[in-house]
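K.L.:
Just so it is clear, I am handing over input_23.cif, which has mmCIF, C-alpha atoms.
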data_data
loop_
_atom_site.label_atom_id
_atom_site.label_comp_id
_atom_site.auth_asym_id
_atom_site.auth_seq_id
_atom_site.Cartn_x
_atom_site.Cartn_y
_atom_site.Cartn_z
CA MET A 1 0.00 0.00 0.00
CA ALA A 2 1.35 3.41 -0.98
CA VAL A 3 1.86 6.19 1.52
CA TYR A 4 -0.93 8.74 1.71
CA LYS A 5 0.08 12.33 1.03
CA PHE A 6 -2.41 15.19 1.22
CA ARG A 7 -1.67 17.67 -1.55
CA LEU A 8 -2.85 20.66 0.54
CA GLN A 9 -0.91 19.70 3.68
CA LYS A 10 1.20 22.88 3.60
CA LEU A 11 -1.97 24.96 3.46
CA LEU A 12 -3.42 23.00 6.38
CA ASP A 13 -0.22 23.52 8.36
CA TYR A 14 -0.38 27.24 7.62
CA LYS A 15 -4.03 27.46 8.67
CA THR A 16 -3.20 25.59 11.89
CA LYS A 17 -0.38 28.05 12.60
CA VAL A 18 -2.68 31.02 11.93
CA GLU A 19 -5.29 29.56 14.27
CA GLU A 20 -2.70 29.18 17.03
CA GLU A 21 -1.59 32.79 16.54
CA LYS A 22 -5.21 33.94 16.79
CA LYS A 23 -5.64 31.92 20.00
CA ASN A 24 -2.56 33.60 21.48
CA LYS A 25 -3.84 37.00 20.39
CA LEU A 26 -7.19 36.27 22.02
CA GLY A 27 -5.45 35.20 25.22
CA SER A 28 -3.48 38.43 25.38
CA ALA A 29 -6.66 40.41 24.71
CA VAL A 30 -8.37 38.65 27.63
CA LYS A 31 -5.40 39.45 29.87
CA ARG A 32 -5.50 43.09 28.75
CA LEU A 33 -9.21 43.34 29.54
CA GLU A 34 -8.72 41.80 32.98
CA LYS A 35 -5.86 44.22 33.66
CA GLU A 36 -8.05 47.18 32.71
CA LYS A 37 -10.89 45.89 34.90
CA HIS A 38 -8.46 45.50 37.79
CA LYS A 39 -7.31 49.11 37.32
CA MET A 40 -10.96 50.18 37.35
CA ALA A 41 -11.58 48.36 40.62
CA GLU A 42 -8.56 50.06 42.16
CA LEU A 43 -9.73 53.48 40.97
CA LYS A 44 -13.22 52.90 42.34
CA LYS A 45 -11.80 51.82 45.69
CA GLU A 46 -9.58 54.89 45.88
CA PHE A 47 -12.52 57.08 44.84
CA SER A 48 -14.69 55.53 47.55
CA ASP A 49 -11.95 56.03 50.15
CA MET A 50 -11.54 59.65 49.09
CA GLN A 51 -15.30 60.27 49.33
CA SER A 52 -15.36 58.75 52.81
CA LEU A 53 -12.45 60.93 53.85
CA PHE A 54 -14.17 63.99 52.38
CA GLN A 55 -17.39 63.28 54.29
CA GLU A 56 -15.47 62.63 57.47
CA LYS A 57 -13.48 65.88 57.15
CA THR A 58 -16.55 67.96 56.27
CA SER A 59 -18.43 66.65 59.31
CA GLN A 60 -15.49 67.56 61.55
CA GLY A 61 -15.05 70.97 60.00
CA MET A 62 -11.87 71.98 58.25
CA ALA A 63 -10.28 74.77 56.25
CA VAL A 64 -11.68 75.65 52.84
CA ASN A 65 -8.38 75.12 51.05
CA GLU A 66 -8.17 71.56 52.43
CA LEU A 67 -11.75 70.89 51.29
CA LYS A 68 -10.81 72.25 47.87
CA ILE A 69 -7.82 69.87 47.70
CA LEU A 70 -10.01 66.89 48.64
CA ALA A 71 -12.63 67.96 46.10
CA ASN A 72 -9.92 68.12 43.43
CA TYR A 73 -8.81 64.60 44.35
CA ILE A 74 -12.40 63.36 44.05
CA ASP A 75 -12.70 65.07 40.66
CA TYR A 76 -9.40 63.51 39.59
CA TYR A 77 -10.69 60.03 40.45
CA LYS A 78 -14.00 60.69 38.62
CA ARG A 79 -12.09 61.64 35.47
CA GLY A 80 -9.84 58.60 35.92
CA ILE A 81 -12.84 56.31 36.22
CA LYS A 82 -14.42 57.83 33.13
CA ALA A 83 -11.18 57.38 31.16
CA GLN A 84 -10.82 53.83 32.46
CA LYS A 85 -14.35 53.02 31.24
CA VAL A 86 -13.25 54.10 27.76
CA ARG A 87 -10.13 51.88 27.99
CA ILE A 88 -12.26 48.93 29.13
CA LYS A 89 -14.66 49.49 26.22
CA MET A 90 -11.71 49.56 23.81
CA ALA A 91 -10.30 46.37 25.34
CA GLU A 92 -13.72 44.68 25.03
CA ASP A 93 -13.99 45.74 21.38
CA TYR A 94 -10.49 44.43 20.70
CA LEU A 95 -11.37 41.15 22.44
CA SER A 96 -14.49 40.84 20.34
CA ALA A 97 -12.50 41.45 17.14
CA CYS A 98 -9.91 38.85 18.19
CA ARG A 99 -12.69 36.36 18.91
CA GLU A 100 -14.17 36.92 15.44
CA GLU A 101 -10.75 36.46 13.83
CA LEU A 102 -10.27 33.21 15.73
CA ILE A 103 -13.68 31.95 14.67
CA ALA A 104 -12.88 32.74 11.02
CA ALA A 105 -9.45 31.08 11.24
CA THR A 106 -10.95 27.99 12.89
CA ARG A 107 -13.65 27.79 10.23
CA GLU A 108 -11.03 27.96 7.45
CA LYS A 109 -8.90 25.28 9.11
CA ARG A 110 -11.90 22.99 9.56
CA MET A 111 -12.74 23.40 5.88
CA ILE A 112 -9.25 22.24 4.88
CA GLU A 113 -9.43 19.38 7.41
CA LYS A 114 -12.75 18.30 5.90
CA LEU A 115 -11.12 18.30 2.45
CA LYS A 116 -8.31 16.17 3.87
CA GLU A 117 -10.81 13.69 5.33
CA MET A 118 -12.65 13.45 2.02
CA ASP A 119 -9.39 13.05 0.11
CA TYR A 120 -8.22 10.35 2.53
CA SER A 121 -11.52 8.48 2.15
CA LYS A 122 -11.12 8.64 -1.62
CA TYR A 123 -7.55 7.41 -1.30
CA LEU A 124 -8.64 4.45 0.87
CA TYR A 125 -11.39 3.59 -1.61
CA GLU A 126 -8.94 3.64 -4.52
CA GLU A 127 -6.43 1.53 -2.59
CA GLN A 128 -9.16 -0.96 -1.78
CA LYS A 129 -10.13 -1.14 -5.46
CA LYS A 130 -6.49 -1.70 -6.44
CA GLU A 131 -6.20 -4.46 -3.86
CA GLU A 132 -9.41 -6.12 -5.09
CA LYS A 133 -8.17 -5.96 -8.67
CA LEU A 134 -4.86 -7.48 -7.62
CA VAL A 135 -6.67 -10.32 -5.83
CA ASP A 136 -8.93 -10.89 -8.84
CA ASP A 137 -5.90 -10.98 -11.15
CA LEU A 138 -4.17 -13.40 -8.81
CA VAL A 139 -7.23 -15.68 -8.66
CA SER A 140 -7.61 -15.50 -12.47
CA PHE A 141 -3.93 -16.33 -12.91
CA LYS A 142 -4.17 -19.37 -10.61
CA GLU A 143 -7.31 -20.56 -12.40
CA SER A 144 -5.69 -20.21 -15.78
CA ASN A 145 -2.62 -22.11 -14.60
CA LYS A 146 -4.79 -25.02 -13.34
CA SER A 147 -6.25 -25.64 -16.75
#
Using structure tokens, write down the structure that the file contains.

P.N.:
Amino acid sequence: MAVYKFRLQKLLDYKTKVEEEKKNKLGSAVKRLEKEKHKMAELKKEFSDMQSLFQEKTSQGMAVNELKILANYIDYYKRGIKAQKVRIKMAEDYLSACREELIAATREKRMIEKLKEMDYSKYLYEEQKKEEKLVDDLVSFKESNKS
């Protein structure tokens, strides 16, 4: 029996490599999103702490310039949270795009794999036919030699 060789094997190897790259890209996008969410959690915690401090200081009574400084800190954290929301949205969009690319790459690879399966089935069928013909020829040869 001859050795099976898929004529599009290099293309299949390439598609497999592309799929792996897309998986890695998706993994880094997930890590990026988690990092941005972690930053958001930290900002919200700091914002909450600053608000608590502001309320505590205002109830105790303090100088106006100190209140102004605390108010500026609170405003700083509000702007930071707003900017972080934008970064999270961008990271989510990037993750979504990476996911779509991975789906497309996987679909293309599966299509080539399906072609390989069909080609291999055809190869097995042809090999079986060759083997049957060889057996028939052998049987015919033996029968002709008997007579």

K.L.:
Here's the selection I'm unsure about, the PyMOL selection byres ((chain A and resi 116-128) around 9); applied to the file above, which residues does it give, as a list in words?

P.N.:
Met1, Ala2, Tyr4, Lys5, Phe6, Arg7, Leu8, Gln9, Leu12, Met111, Ile112, Glu113, Lys114, Leu115, Lys129, Lys130, Glu131, Glu132 and Lys133 of chain A

K.L.:
For a quick check of understanding, using only C-alpha atoms, which of A:Lys17, A:Lys89, A:Lys78, A:Lys57 has the smallest distance to Leu33 (chain A)?

P.N.:
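Closest to Leu33 (chain A) of all the choices is A:Lys89.
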
K.L.:
Pick the closest to Leu95 (chain A) from A:Thr16, A:Asn24, A:Thr58, A:Ser140: which is it, counting only C-alpha atoms?

P.N.:
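Using only C-alpha atoms, Leu95 (chain A) sits closest to A:Asn24.
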
K.L.:
Let me know the centre plus edge lengths, in Å and rounded to one decimal, of a box with edges along x, y and z that contains all listed atoms of region 17-36 of chain A and is padded by 8 Å on every side, as lines of an AutoDock Vina configuration file.

P.N.:
center_x = -4.8
center_y = 37.6
center_z = 22.8
size_x = 24.8
size_y = 35.1
size_z = 37.7

K.L.:
Residues within 9 Å of region 69-73 of chain A, please, as a PyMOL selection string. Count only C-alpha atoms; anything in the same chain fewer than 6 positions from it doesn't count.

P.N.:
chain A and resi 47+50-51+53-54

K.L.:
I'd like the interatomic distance between CA of Met90 (chain A) and CA of Glu34 (chain A), to a tenth of an Å.

P.N.:
12.4 Å

K.L.:
Measure the distance from CA of Glu19 (chain A) to CA of Thr106 (chain A) in Å and round it to one decimal.

P.N.:
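Between these atoms lies a distance of 6.0 Å.
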
K.L.:
Could you please determine the separation between CA of Lys23 (chain A) and CA of Ala83 (chain A) in Å, to one decimal place?

P.N.:
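CA of Ala83 (chain A) lies 28.3 Å from CA of Lys23 (chain A).
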
K.L.:
Counting all atoms listed in the file, figure out which residue out of A:Lys109, A:Tyr77, A:Ser144, A:Ile88 gets nearest to Lys45 (chain A).

P.N.:
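Of A:Lys109, A:Tyr77, A:Ser144, A:Ile88, the one nearest Lys45 (chain A), counting all atoms listed in the file, is A:Tyr77.
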
K.L.:
Choose the residue, out of A:Ala105, A:Val3, A:Lys146, A:Leu43, that has the smallest atom-to-atom separation from Lys15 (chain A); count all atoms listed in the file.

P.N.:
A:Ala105

K.L.:
Expand the PyMOL selection byres ((chain A and resi 38-40) around 10) into the individual residues it matches in the shown file, reporting them as JSON, numbers by chain.

P.N.:
{"A": [32, 33, 34, 35, 36, 37, 41, 42, 43, 44, 45, 46, 80, 81, 82, 83, 84, 85, 87, 88]}

K.L.:
Please produce an output containing C-alpha atoms for each residue in the selection, written as a compact mmCIF listing (two decimals), in the coordinates of the input.

P.N.:
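Printed below is part.txt as written:
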# COMPACT_ATOMS: atom_id res chain seq x y z
CA ARG A 32 -5.50 43.09 28.75
CA LEU A 33 -9.21 43.34 29.54
CA GLU A 34 -8.72 41.80 32.98
CA LYS A 35 -5.86 44.22 33.66
CA GLU A 36 -8.05 47.18 32.71
CA LYS A 37 -10.89 45.89 34.90
CA ALA A 41 -11.58 48.36 40.62
CA GLU A 42 -8.56 50.06 42.16
CA LEU A 43 -9.73 53.48 40.97
CA LYS A 44 -13.22 52.90 42.34
CA LYS A 45 -11.80 51.82 45.69
CA GLU A 46 -9.58 54.89 45.88
CA GLY A 80 -9.84 58.60 35.92
CA ILE A 81 -12.84 56.31 36.22
CA LYS A 82 -14.42 57.83 33.13
CA ALA A 83 -11.18 57.38 31.16
CA GLN A 84 -10.82 53.83 32.46
CA LYS A 85 -14.35 53.02 31.24
CA ARG A 87 -10.13 51.88 27.99
CA ILE A 88 -12.26 48.93 29.13

K.L.:
Counting all atoms listed in the file, figure out which residue out of A:Glu108, A:Glu143, A:Asp93, A:Arg79 gets nearest to Leu11 (chain A).

P.N.:
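Using all atoms listed in the file, Leu11 (chain A) sits closest to A:Glu108.
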
K.L.:
Would you write out, as a list in words, every residue that the PyMOL selection byres ((chain A and resi 98) around 9) captures in this file?

P.N.:
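Checking the PyMOL selection byres ((chain A and resi 98) around 9) against this file, the residues are Lys22, Lys23, Lys25, Leu26, Ala29, Asp93, Tyr94, Leu95, Ser96, Ala97, Arg99, Glu100, Glu101, Leu102 and Ile103 of chain A.
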